[in-house]
Amino acid sequence: MEKPPVPEKFKSLKPLMDLAHWTDLNLGSRLILTGTAHAKFEMEYMEDSFKPDSVVFVGPLSELVFSKLLMRTGNLNLANVDEIVRITNRVPRELMKLSAFIEENSISIDEALTKFEVNRTGYFQDIAEKYYNEIKGDDMA
């Protein structure tokens with residue numbers, strides 16, 4: 001069973017599904033969704049006519065924005081910034097997961113970075129393999 005979109009669960013967000021609700025009173029308002037988890041909303045629930053002018057897809061955070069976020073993550077050693085950037089690719093979700101991983105494991109930062117990278121690489125590899133196998137299975141059907 002598929003989960004309903006967030007605006008269906010939280011009625012206060014319902015107007016986000018129909019940009020026609022955005023009137024002159026909202027002039028200048030911006031909604032910024034960060035992360036790839038929101039792509040389903042933009043691709044499936046937002047009306048196509050609004051996408052060209054209303055949706056801008058952005059990649060990982062800029063160096064400046066990521067460094068500000070990193071400074072607020074107290075348990076990361078700032079001496080490892082280059083390694084943290086390389087491992088997380090400046091993706092906020094990955095930074096938060098890394099921070100949580102360090103909190104949960106009483107090991108050195110260097111060891112935590114190495115283990116986190118191995119864990120996340122394995123996780124993403126599993127997802128890619130499942131996706132590939134599904135596509136391969138569809139092609140054979």
# chains A, B, ... in the order shown; residues from 1 in each chain; ligands from 1

$ residues_around --residues "A:Ile87" --least-positions-apart "2" --cutoff "10 Å" --atoms "only C-alpha atoms" --output "list in words"
Val81, Asp82, Glu83, Ile84, Val85, Asn89, Arg90, Val91, Glu94, Leu95, Leu98, Leu113, Thr114, Phe116, Glu117, Val118, Arg120 and Thr121 of chain A

$ write_last_selection --atoms "C-alpha atoms" --output "PDB file, in the first residue's frame"
ATOM      1  CA  VAL A  81      35.745  19.272   6.482  1.00  0.00           C
ATOM      2  CA  ASP A  82      37.147  18.117   3.128  1.00  0.00           C
ATOM      3  CA  GLU A  83      36.499  14.479   4.000  1.00  0.00           C
ATOM      4  CA  ILE A  84      32.991  15.271   5.279  1.00  0.00           C
ATOM      5  CA  VAL A  85      32.202  17.168   2.059  1.00  0.00           C
ATOM      6  CA  ASN A  89      28.520  15.410  -1.299  1.00  0.00           C
ATOM      7  CA  ARG A  90      27.088  18.450   0.562  1.00  0.00           C
ATOM      8  CA  VAL A  91      23.700  16.726   0.889  1.00  0.00           C
ATOM      9  CA  GLU A  94      23.738  12.659   4.540  1.00  0.00           C
ATOM     10  CA  LEU A  95      25.274  15.166   6.956  1.00  0.00           C
ATOM     11  CA  LEU A  98      26.648  11.111   9.539  1.00  0.00           C
ATOM     12  CA  LEU A 113      33.921   8.620   8.579  1.00  0.00           C
ATOM     13  CA  THR A 114      35.394   5.455   7.088  1.00  0.00           C
ATOM     14  CA  PHE A 116      29.889   5.597   7.547  1.00  0.00           C
ATOM     15  CA  GLU A 117      31.130   5.772   3.959  1.00  0.00           C
ATOM     16  CA  VAL A 118      31.286   1.981   3.709  1.00  0.00           C
ATOM     17  CA  ARG A 120      26.212   4.294   2.934  1.00  0.00           C
ATOM     18  CA  THR A 121      27.992   2.987  -0.159  1.00  0.00           C
TER      19      THR A 121
END
